[in-house]
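One file, query_21.txt, is given below (compact mmCIF, C-alpha atoms).
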# COMPACT_ATOMS: atom_id res chain seq x y z
CA MET A 1230 -77.84 20.50 71.46
CA ASP A 1231 -74.12 19.81 71.41
CA PRO A 1232 -72.26 19.66 74.77
CA ARG A 1233 -70.40 22.91 74.15
CA LYS A 1234 -73.66 24.88 73.70
CA LYS A 1235 -75.15 23.20 76.79
CA PHE A 1236 -72.12 24.25 78.77
CA ASP A 1237 -72.37 27.81 77.47
CA VAL A 1238 -76.08 27.92 78.48
CA LEU A 1239 -75.21 26.58 81.94
CA LYS A 1240 -72.48 29.13 82.38
CA GLY A 1241 -74.77 31.92 81.26
CA SER A 1242 -77.47 30.80 83.71
CA PHE A 1243 -74.97 30.83 86.58
CA GLU A 1244 -73.56 34.22 85.67
CA SER A 1245 -77.04 35.69 85.37
CA GLY A 1246 -78.06 34.28 88.83
CA ILE A 1247 -80.67 31.86 87.56
CA ILE A 1248 -78.92 28.90 89.24
CA GLU A 1249 -76.80 28.69 92.34
CA LYS A 1250 -73.12 27.94 92.43
CA ASP A 1251 -73.55 24.42 93.78
CA GLU A 1252 -75.99 23.52 91.05
CA TYR A 1253 -73.65 25.06 88.46
CA LYS A 1254 -70.72 22.94 89.74
CA LYS A 1255 -72.83 19.79 89.71
CA TRP A 1256 -73.94 20.24 86.11
CA LYS A 1257 -70.51 21.41 85.05
CA GLU A 1258 -68.94 18.17 86.32
CA LYS A 1259 -71.51 16.20 84.33
CA LEU A 1260 -70.99 18.18 81.12
CA GLU A 1261 -67.20 18.51 81.16
CA PRO A 1262 -66.47 14.95 79.87
CA ASP A 1263 -68.94 15.46 77.02
CA VAL A 1264 -67.47 18.88 76.24
CA LYS A 1265 -63.94 17.50 76.20
CA GLU A 1266 -64.99 14.64 73.96
CA PHE A 1267 -66.81 17.08 71.67
CA ASP A 1268 -63.76 19.37 71.52
CA ARG A 1269 -61.54 16.39 70.77
CA LYS A 1270 -63.72 15.32 67.85
CA ILE A 1271 -63.85 18.86 66.51
CA GLU A 1272 -60.06 19.11 66.72
CA GLU A 1273 -59.62 15.76 64.94
CA THR A 1274 -62.06 16.84 62.23
CA ASN A 1275 -60.20 20.12 61.70
CA ARG A 1276 -56.87 18.33 61.67
CA ASP A 1277 -58.13 15.84 59.09
CA LYS A 1278 -59.36 18.73 56.93
CA GLU A 1279 -56.03 20.49 57.25
CA GLN A 1280 -54.24 17.33 56.19
CA GLU A 1281 -56.74 16.60 53.43
CA GLU A 1282 -56.51 20.09 51.83
CA PRO A 1283 -52.73 20.03 51.16
CA SER A 1284 -53.09 16.46 49.94
CA LYS A 1285 -55.88 17.52 47.59
CA LYS A 1286 -53.87 20.49 46.34
CA SER A 1287 -50.82 18.28 45.95
CA SER A 1288 -52.85 15.76 43.94
CA GLU A 1289 -54.20 18.51 41.70
CA ARG A 1290 -50.71 19.91 41.23
CA ILE A 1291 -49.35 16.46 40.35
CA LEU A 1292 -52.18 15.96 37.86
CA ILE A 1293 -51.52 19.33 36.19
CA ILE A 1294 -47.77 18.66 36.00
CA SER A 1295 -48.38 15.17 34.58
CA VAL A 1296 -50.69 16.54 31.88
CA ALA A 1297 -48.15 19.27 31.03
CA ILE A 1298 -45.37 16.69 30.75
CA VAL A 1299 -47.47 14.50 28.44
CA ILE A 1300 -48.27 17.53 26.23
CA LEU A 1301 -44.60 18.52 26.09
CA LEU A 1302 -43.63 14.97 25.18
CA LEU A 1303 -46.20 14.89 22.37
CA ILE A 1304 -44.96 18.26 21.07
CA SER A 1305 -41.36 17.06 21.25
CA ILE A 1306 -42.18 13.86 19.37
CA LEU A 1307 -44.07 15.82 16.70
CA ALA A 1308 -41.26 18.36 16.34
CA PHE A 1309 -38.68 15.60 16.15
CA SER A 1310 -40.64 13.78 13.45
CA ILE A 1311 -40.94 17.01 11.45
CA PHE A 1312 -37.38 18.25 11.73
CA ASN A 1313 -35.80 14.83 11.49
CA LYS A 1314 -37.88 13.65 8.58
CA PRO A 1315 -35.46 12.16 6.04
CA GLN A 1316 -34.70 14.86 3.51
CA PRO A 1317 -33.97 14.09 -0.13
CA LYS A 1318 -30.20 14.14 -0.57
CA THR A 1319 -29.83 13.69 -4.30
CA LEU A 1320 -31.37 15.08 -7.45
CA GLU A 1321 -32.74 11.62 -8.16
CA ASP A 1322 -34.54 11.67 -4.80
CA LEU A 1323 -36.01 15.07 -5.63
CA HIS A 1324 -37.19 13.96 -9.05
CA ILE A 1325 -38.85 10.86 -7.57
CA LEU A 1326 -40.70 12.97 -4.98
CA ASN A 1327 -41.61 15.48 -7.68
CA LEU A 1328 -43.11 12.80 -9.91
CA LYS A 1329 -45.14 11.58 -6.93
CA GLY A 1330 -46.41 15.11 -6.32
CA LYS A 1331 -44.79 15.34 -2.90
CA LEU A 1332 -42.86 18.60 -3.38
CA ARG A 1333 -44.08 22.13 -2.84
CA PRO A 1334 -44.38 24.21 -6.02
CA SER A 1335 -41.36 26.21 -4.89
CA GLN A 1336 -39.35 22.97 -4.72
CA GLY A 1337 -40.41 21.34 -7.95
CA TYR A 1338 -43.11 20.85 -10.56
CA LEU A 1339 -43.87 19.05 -13.81
CA TYR A 1340 -43.62 21.25 -16.87
CA LYS A 1341 -46.13 20.33 -19.59
CA GLY A 1342 -46.72 17.16 -17.60
CA VAL A 1343 -43.46 15.74 -18.98
CA TYR A 1344 -40.40 17.52 -17.67
CA SER A 1345 -39.57 17.23 -13.99
CA PHE A 1346 -38.06 20.45 -12.66
CA VAL A 1347 -36.59 20.53 -9.16
CA THR A 1348 -34.53 23.16 -7.42
CA LEU A 1349 -31.35 22.61 -5.43
CA ASP A 1350 -28.76 25.16 -4.31
CA ASN A 1351 -30.51 27.99 -6.22
CA LEU A 1352 -30.44 26.12 -9.54
CA TRP A 1353 -33.24 24.41 -11.44
CA TYR A 1354 -32.60 20.89 -12.71
CA THR A 1355 -34.30 18.70 -15.28
CA GLN A 1356 -33.29 15.57 -17.17
CA LEU A 1357 -33.05 15.32 -20.91
CA SER A 1358 -31.52 13.02 -23.48
CA SER A 1359 -28.83 14.46 -25.71
CA PRO A 1360 -29.78 15.56 -29.26
CA LYS A 1361 -28.21 12.35 -30.55
CA GLY A 1362 -30.14 10.29 -27.99
CA ILE A 1363 -26.96 8.71 -26.63
CA LYS A 1364 -26.84 10.18 -23.10
CA ILE A 1365 -29.18 11.37 -20.37
CA TYR A 1366 -28.14 14.76 -19.03
CA SER A 1367 -29.03 16.47 -15.80
CA LEU A 1368 -29.45 20.05 -16.93
CA ALA A 1369 -28.84 22.90 -14.50
CA LEU A 1370 -30.18 26.38 -15.24
CA ARG A 1371 -30.68 29.45 -13.12
CA TYR A 1372 -34.30 29.94 -14.12
CA SER A 1373 -37.14 27.48 -14.65
CA PRO A 1374 -39.65 27.63 -17.52
CA LYS A 1375 -42.24 29.23 -15.23
CA ASP A 1376 -39.82 32.09 -14.61
CA LEU A 1377 -39.40 32.67 -18.34
CA LYS A 1378 -42.92 32.10 -19.67
CA ASP A 1379 -43.28 35.78 -20.63
CA VAL A 1380 -39.96 35.92 -22.51
CA VAL A 1381 -40.50 35.62 -26.27
CA ILE A 1382 -37.81 34.64 -28.77
CA GLU A 1383 -38.25 36.52 -32.02
CA GLY A 1384 -36.87 35.73 -35.49
CA LYS A 1385 -35.65 32.51 -37.01
CA LEU A 1386 -32.52 30.42 -36.45
CA ASN A 1387 -30.67 28.66 -39.23
CA THR A 1388 -31.05 25.19 -37.69
CA GLU A 1389 -29.04 23.51 -40.42
CA LEU A 1390 -26.06 25.75 -39.68
CA PHE A 1391 -26.58 25.21 -35.95
CA ASN A 1392 -26.64 21.43 -36.26
CA ASN A 1393 -23.63 21.25 -38.59
CA GLN A 1394 -21.25 23.55 -36.74
CA SER A 1395 -18.84 22.02 -34.23
CA GLU A 1396 -17.90 25.42 -32.83
CA PHE A 1397 -19.56 28.75 -32.16
CA PHE A 1398 -18.35 32.28 -31.50
CA VAL A 1399 -19.28 34.29 -28.43
CA ALA A 1400 -19.26 38.00 -29.29
CA PHE A 1401 -19.70 40.95 -26.95
CA ASN A 1402 -18.71 44.60 -26.64
CA PRO A 1403 -15.23 44.74 -25.01
CA THR A 1404 -15.89 48.31 -23.86
CA GLY A 1405 -19.15 47.43 -22.08
CA LYS A 1406 -19.84 48.03 -18.38
CA GLU A 1407 -21.54 44.85 -17.20
CA PHE A 1408 -18.83 42.27 -17.64
CA SER A 1409 -19.90 40.29 -14.56
CA TYR A 1410 -23.37 39.60 -15.98
CA VAL A 1411 -22.04 39.13 -19.50
CA GLY A 1412 -19.49 36.65 -18.15
CA LEU A 1413 -22.16 34.75 -16.17
CA ALA A 1414 -24.48 34.49 -19.19
CA VAL A 1415 -21.65 33.40 -21.46
CA ALA A 1416 -20.35 30.83 -18.99
CA ASP A 1417 -23.80 29.25 -18.64
CA PHE A 1418 -24.33 29.10 -22.38
CA ASN A 1419 -20.85 27.72 -23.07
CA THR A 1420 -21.32 24.95 -20.49
CA HIS A 1421 -24.48 23.68 -22.15
CA MET A 1422 -23.15 24.02 -25.67
CA ALA A 1423 -19.97 22.12 -24.85
CA LYS A 1424 -21.52 19.45 -22.63
CA VAL A 1425 -24.76 18.65 -24.44
CA PHE A 1426 -24.45 19.98 -28.00
CA GLU A 1427 -20.73 19.19 -28.18
CA LYS A 1428 -19.82 22.54 -29.69
CA LYS A 1429 -16.61 24.34 -28.86
CA PRO A 1430 -16.94 27.97 -27.72
CA ILE A 1431 -14.58 30.59 -29.15
CA ALA A 1432 -14.35 33.96 -27.41
CA ALA A 1433 -14.65 36.89 -29.82
CA CYS A 1434 -15.11 40.65 -29.82
CA ASP A 1435 -17.64 42.60 -31.83
CA ARG A 1436 -15.04 45.39 -32.38
CA ASN A 1437 -11.29 45.80 -32.18
CA GLU A 1438 -11.00 48.62 -29.63
CA THR A 1439 -9.09 47.04 -26.75
CA GLU A 1440 -5.74 45.36 -26.29
CA SER A 1441 -7.31 41.98 -25.49
CA CYS A 1442 -9.28 41.99 -28.74
CA LYS A 1443 -6.11 42.13 -30.81
CA THR A 1444 -5.64 38.41 -30.24
CA ARG A 1445 -9.28 37.47 -30.66
CA PRO A 1446 -11.44 37.10 -33.73
CA ILE A 1447 -13.70 40.02 -34.52
CA VAL A 1448 -17.13 38.56 -35.17
CA THR A 1449 -20.61 40.01 -35.65
CA CYS A 1450 -23.96 38.68 -36.86
CA ASP A 1451 -22.90 39.70 -40.35
CA ASP A 1452 -20.53 36.72 -40.45
CA THR A 1453 -23.24 34.45 -41.78
CA ASP A 1454 -20.94 31.47 -42.20
CA LYS A 1455 -20.40 31.33 -38.44
CA LEU A 1456 -22.68 30.33 -35.57
CA VAL A 1457 -22.68 33.29 -33.20
CA LEU A 1458 -23.96 34.06 -29.72
CA TYR A 1459 -24.08 37.82 -29.39
CA ILE A 1460 -24.47 39.22 -25.86
CA LYS A 1461 -25.43 42.84 -26.28
CA GLU A 1462 -25.70 45.32 -23.41
CA SER A 1463 -28.89 47.31 -23.80
CA ASP A 1464 -31.57 49.04 -21.74
CA ARG A 1465 -34.15 46.95 -23.57
CA PHE A 1466 -34.55 43.28 -22.74
CA ARG A 1467 -34.90 41.30 -25.94
CA THR A 1468 -34.03 37.80 -27.19
CA TYR A 1469 -34.10 36.87 -30.86
CA TYR A 1470 -32.63 34.79 -33.67
CA ASN A 1471 -31.08 36.40 -36.73
CA ASN A 1472 -30.31 33.51 -39.09
CA ASN A 1473 -26.88 32.39 -37.87
CA CYS A 1474 -26.92 34.65 -34.83
CA ILE A 1475 -28.44 34.16 -31.37
CA VAL A 1476 -28.84 37.60 -29.81
CA VAL A 1477 -29.56 38.37 -26.15
CA GLU A 1478 -29.99 42.04 -25.32
CA GLY A 1479 -30.41 43.54 -21.88
CA ASN A 1480 -28.57 44.33 -18.70
CA GLY A 1481 -28.01 42.68 -15.34
CA PHE A 1482 -29.65 39.30 -14.82
CA ASP A 1483 -31.82 39.81 -17.90
CA LEU A 1484 -28.80 38.65 -19.90
CA VAL A 1485 -28.79 35.41 -17.89
CA LYS A 1486 -32.56 35.04 -18.29
CA GLY A 1487 -32.25 35.50 -22.04
CA VAL A 1488 -29.58 32.82 -22.31
CA ASP A 1489 -31.66 30.36 -20.26
CA ARG A 1490 -34.69 31.08 -22.44
CA VAL A 1491 -32.66 30.31 -25.59
CA LEU A 1492 -31.35 27.09 -24.08
CA TYR A 1493 -34.85 25.86 -23.26
CA ASN A 1494 -35.83 26.53 -26.85
CA LEU A 1495 -32.77 24.75 -28.24
CA TYR A 1496 -33.64 21.78 -26.00
CA ASN A 1497 -37.19 21.84 -27.42
CA ILE A 1498 -38.58 22.23 -23.91
CA MET A 1499 -40.09 25.66 -24.64
CA GLU A 1500 -41.40 27.07 -27.90
CA GLN A 1501 -40.19 30.44 -29.14
CA GLU A 1502 -43.46 31.91 -27.86
CA GLU A 1503 -45.22 30.05 -25.09
CA LYS A 1504 -48.99 29.82 -25.33
Please go through the file and, once you have read it, give me the structure as structure tokens.
Amino acid sequence: MDPRKKFDVLKGSFESGIIEKDEYKKWKEKLEPDVKEFDRKIEETNRDKEQEEPSKKSSERILIISVAIVILLLISILAFSIFNKPQPKTLEDLHILNLKGKLRPSQGYLYKGVYSFVTLDNLWYTQLSSPKGIKIYSLALRYSPKDLKDVVIEGKLNTELFNNQSEFFVAFNPTGKEFSYVGLAVADFNTHMAKVFEKKPIAACDRNETESCKTRPIVTCDDTDKLVLYIKESDRFRTYYNNNCIVVEGNGFDLVKGVDRVLYNLYNIMEQEEK
């Protein structure tokens, strides 16, 4: 029995009259040193536990914080490697990555396994040699072949006339309502014709009903001795060849789509009807 319990038993015996006061004092004097030593050890043990518990909690806290810091560092390194990964800066870089199959389909793809198409600044680019095989051109169009696979070109173009003409006429209705889209389609077509096919564009009207048309040639598809691009506003989207005449019908961006579809055909990238 520990000294404290012995002392409590002794005290209880005295208080209950089992032992006399003198005997109680005698035994008390003998037990007191042991009780004090016992109390001292208990106090030291409790103090050590009190000191050990905060230390243990502090160690656990330090461990948790250390693990959290390591995780945050790993996340930061990963994020840095992702967001600071060298990005392709030129079209040539994009084409190289595309040929290696390292671009997402929305960034680039190989058309027919031959033509590399990549997108940059909302335009689609591919490379092609000029019809005379003298230069390599980087072609920029607003739509890629995948965007235009359902657009069919009807009719037949007089290719001999097309190849032999050094100029072409751009005809449209001067009283139309969609000049912004007509202008965009015409500008795209003219750029390719002048740059790659080396043909000079001549602005024309399909009727003489406005002041501006008084100083312009009046040209329609009936002028079979001329190469004509006819942009025709219509509720129906249609693209076709009529001998000497390239006709794009539609409204809004369909006019631009039609022009791009014709250009891909003239470049021999897409057939008149894709299979």
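Counting all atoms listed in the file, the residue from A:Asp1452, A:Glu1462, A:Glu1261, A:Asp1489 that sits nearest to A:Lys1406 is A:Glu1462.
Shortest separation to A:Phe1398 among A:Asp1376, A:Glu1383, A:Asp1435, A:Glu1502 occurs at residue A:Asp1435, atoms counted being all atoms listed in the file.
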Shell of 7 Å around A:Ala1369, only C-alpha atoms, local chain residues under 5 positions omitted, as a ChimeraX atom specification: /A:1352-1355
Residue nearest A:Tyr1459 among A:Val1477, A:Cys1442, A:Leu1413, A:Leu1323 (counting all atoms listed in the file):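 That would be A:Val1477, the residue with the smallest distance to A:Tyr1459.
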Determine, counting all atoms listed in the file, which protein, DNA and RNA residues have an atom within 8 Å of an atom of A:Phe1391; residues of the same chain fewer than 3 positions away are not included. Present the result as an mmCIF file with C-alpha atoms, in the frame of the given file.
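Final file, result.cif:
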data_model
loop_
_atom_site.group_PDB
_atom_site.id
_atom_site.type_symbol
_atom_site.label_atom_id
_atom_site.label_comp_id
_atom_site.auth_asym_id
_atom_site.auth_seq_id
_atom_site.Cartn_x
_atom_site.Cartn_y
_atom_site.Cartn_z
ATOM 1 C CA LEU A 1386 -32.520 30.420 -36.450
ATOM 2 C CA ASN A 1387 -30.670 28.660 -39.230
ATOM 3 C CA THR A 1388 -31.050 25.190 -37.690
ATOM 4 C CA GLN A 1394 -21.250 23.550 -36.740
ATOM 5 C CA LEU A 1456 -22.680 30.330 -35.570
ATOM 6 C CA ASN A 1473 -26.880 32.390 -37.870
#
Point (-30.4, 16.3, -5.7), cut-off 12 Å, counting all atoms listed in the file, residues as a VMD selection string: chain A and resid 1316 to 1327 1336 to 1337 1346 to 1356 1367 to 1369
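Picture a line from atom CA of A:Tyr1469 to atom CA of A:Asn1497; it runs 15.7 Å.
Straight-line separation from atom CA of A:Val1399 to atom CA of A:Pro1430: 6.8 Å.
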Pick from A:Ile1431, A:Leu1390, A:Val1485, A:Leu1495, whichever lies nearest to A:Tyr1372 using all atoms listed in the file: A:Val1485
Within 12 Å of A:Thr1404, counting only C-alpha atoms, which residues qualify if same-chain residues fewer than 6 places away don't, as a PDB file with C-alpha atoms, in the coordinates of the input?
ATOM      1  CA  VAL A1411     -22.040  39.130 -19.500  1.00  0.00           C
ATOM      2  CA  CYS A1434     -15.110  40.650 -29.820  1.00  0.00           C
ATOM      3  CA  ASP A1435     -17.640  42.600 -31.830  1.00  0.00           C
ATOM      4  CA  ARG A1436     -15.040  45.390 -32.380  1.00  0.00           C
ATOM      5  CA  ASN A1437     -11.290  45.800 -32.180  1.00  0.00           C
ATOM      6  CA  GLU A1438     -11.000  48.620 -29.630  1.00  0.00           C
ATOM      7  CA  THR A1439      -9.090  47.040 -26.750  1.00  0.00           C
ATOM      8  CA  GLU A1440      -5.740  45.360 -26.290  1.00  0.00           C
ATOM      9  CA  SER A1441      -7.310  41.980 -25.490  1.00  0.00           C
ATOM     10  CA  CYS A1442      -9.280  41.990 -28.740  1.00  0.00           C
ATOM     11  CA  LYS A1461     -25.430  42.840 -26.280  1.00  0.00           C
ATOM     12  CA  GLU A1462     -25.700  45.320 -23.410  1.00  0.00           C
TER      13      GLU A1462
END
For atom CA of A:Leu1484 and atom CA of A:Tyr1410, the interatomic separation in Å (one decimal):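 We find that atom CA of A:Leu1484 and atom CA of A:Tyr1410 lie 6.8 Å from each other.
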Ref. answer, residues at most 10 Å from (-23.3, 29.8, -23.6) with all atoms listed in the file, as a ChimeraX atom specification: /A:1397-1399,1412-1423,1430,1458-1460,1485,1488-1489,1491-1492
Fix up stretch 1324-1342 of chain A with N, CA and C atoms, then write it as a PDB file, in the coordinates of the input.
ATOM      1  N   HIS A1324     -36.372  14.257  -7.876  1.00  0.00           N
ATOM      2  CA  HIS A1324     -37.190  13.960  -9.050  1.00  0.00           C
ATOM      3  C   HIS A1324     -38.254  12.908  -8.740  1.00  0.00           C
ATOM      4  N   ILE A1325     -37.890  11.907  -7.944  1.00  0.00           N
ATOM      5  CA  ILE A1325     -38.850  10.860  -7.570  1.00  0.00           C
ATOM      6  C   ILE A1325     -40.000  11.470  -6.770  1.00  0.00           C
ATOM      7  N   LEU A1326     -39.666  12.304  -5.784  1.00  0.00           N
ATOM      8  CA  LEU A1326     -40.700  12.970  -4.980  1.00  0.00           C
ATOM      9  C   LEU A1326     -41.547  13.895  -5.845  1.00  0.00           C
ATOM     10  N   ASN A1327     -40.891  14.557  -6.791  1.00  0.00           N
ATOM     11  CA  ASN A1327     -41.610  15.480  -7.680  1.00  0.00           C
ATOM     12  C   ASN A1327     -42.624  14.732  -8.541  1.00  0.00           C
ATOM     13  N   LEU A1328     -42.214  13.599  -9.079  1.00  0.00           N
ATOM     14  CA  LEU A1328     -43.110  12.800  -9.910  1.00  0.00           C
ATOM     15  C   LEU A1328     -44.279  12.236  -9.104  1.00  0.00           C
ATOM     16  N   LYS A1329     -44.070  12.058  -7.803  1.00  0.00           N
ATOM     17  CA  LYS A1329     -45.140  11.580  -6.930  1.00  0.00           C
ATOM     18  C   LYS A1329     -46.000  12.719  -6.406  1.00  0.00           C
ATOM     19  N   GLY A1330     -45.637  13.952  -6.775  1.00  0.00           N
ATOM     20  CA  GLY A1330     -46.410  15.110  -6.320  1.00  0.00           C
ATOM     21  C   GLY A1330     -46.212  15.450  -4.868  1.00  0.00           C
ATOM     22  N   LYS A1331     -45.039  15.125  -4.320  1.00  0.00           N
ATOM     23  CA  LYS A1331     -44.790  15.340  -2.900  1.00  0.00           C
ATOM     24  C   LYS A1331     -43.886  16.533  -2.611  1.00  0.00           C
ATOM     25  N   LEU A1332     -43.658  17.387  -3.597  1.00  0.00           N
ATOM     26  CA  LEU A1332     -42.860  18.600  -3.380  1.00  0.00           C
ATOM     27  C   LEU A1332     -43.757  19.817  -3.458  1.00  0.00           C
ATOM     28  N   ARG A1333     -43.377  20.846  -2.714  1.00  0.00           N
ATOM     29  CA  ARG A1333     -44.080  22.130  -2.840  1.00  0.00           C
ATOM     30  C   ARG A1333     -43.750  22.734  -4.194  1.00  0.00           C
ATOM     31  N   PRO A1334     -44.647  23.583  -4.724  1.00  0.00           N
ATOM     32  CA  PRO A1334     -44.380  24.210  -6.020  1.00  0.00           C
ATOM     33  C   PRO A1334     -43.055  24.963  -6.062  1.00  0.00           C
ATOM     34  N   SER A1335     -42.639  25.495  -4.917  1.00  0.00           N
ATOM     35  CA  SER A1335     -41.360  26.210  -4.890  1.00  0.00           C
ATOM     36  C   SER A1335     -40.175  25.256  -4.937  1.00  0.00           C
ATOM     37  N   GLN A1336     -40.421  23.953  -4.704  1.00  0.00           N
ATOM     38  CA  GLN A1336     -39.350  22.970  -4.720  1.00  0.00           C
ATOM     39  C   GLN A1336     -39.266  22.218  -6.041  1.00  0.00           C
ATOM     40  N   GLY A1337     -40.414  22.071  -6.697  1.00  0.00           N
ATOM     41  CA  GLY A1337     -40.410  21.340  -7.950  1.00  0.00           C
ATOM     42  C   GLY A1337     -41.786  21.257  -8.568  1.00  0.00           C
ATOM     43  N   TYR A1338     -41.833  20.994  -9.858  1.00  0.00           N
ATOM     44  CA  TYR A1338     -43.110  20.850 -10.560  1.00  0.00           C
ATOM     45  C   TYR A1338     -42.862  20.134 -11.888  1.00  0.00           C
ATOM     46  N   LEU A1339     -43.940  19.669 -12.492  1.00  0.00           N
ATOM     47  CA  LEU A1339     -43.870  19.050 -13.810  1.00  0.00           C
ATOM     48  C   LEU A1339     -44.247  20.088 -14.852  1.00  0.00           C
ATOM     49  N   TYR A1340     -43.361  20.293 -15.808  1.00  0.00           N
ATOM     50  CA  TYR A1340     -43.620  21.250 -16.870  1.00  0.00           C
ATOM     51  C   TYR A1340     -44.213  20.522 -18.071  1.00  0.00           C
ATOM     52  N   LYS A1341     -45.393  20.969 -18.489  1.00  0.00           N
ATOM     53  CA  LYS A1341     -46.130  20.330 -19.590  1.00  0.00           C
ATOM     54  C   LYS A1341     -46.437  18.862 -19.285  1.00  0.00           C
ATOM     55  N   GLY A1342     -46.416  18.516 -18.012  1.00  0.00           N
ATOM     56  CA  GLY A1342     -46.720  17.160 -17.600  1.00  0.00           C
ATOM     57  C   GLY A1342     -45.662  16.148 -17.988  1.00  0.00           C
TER      58      GLY A1342
END
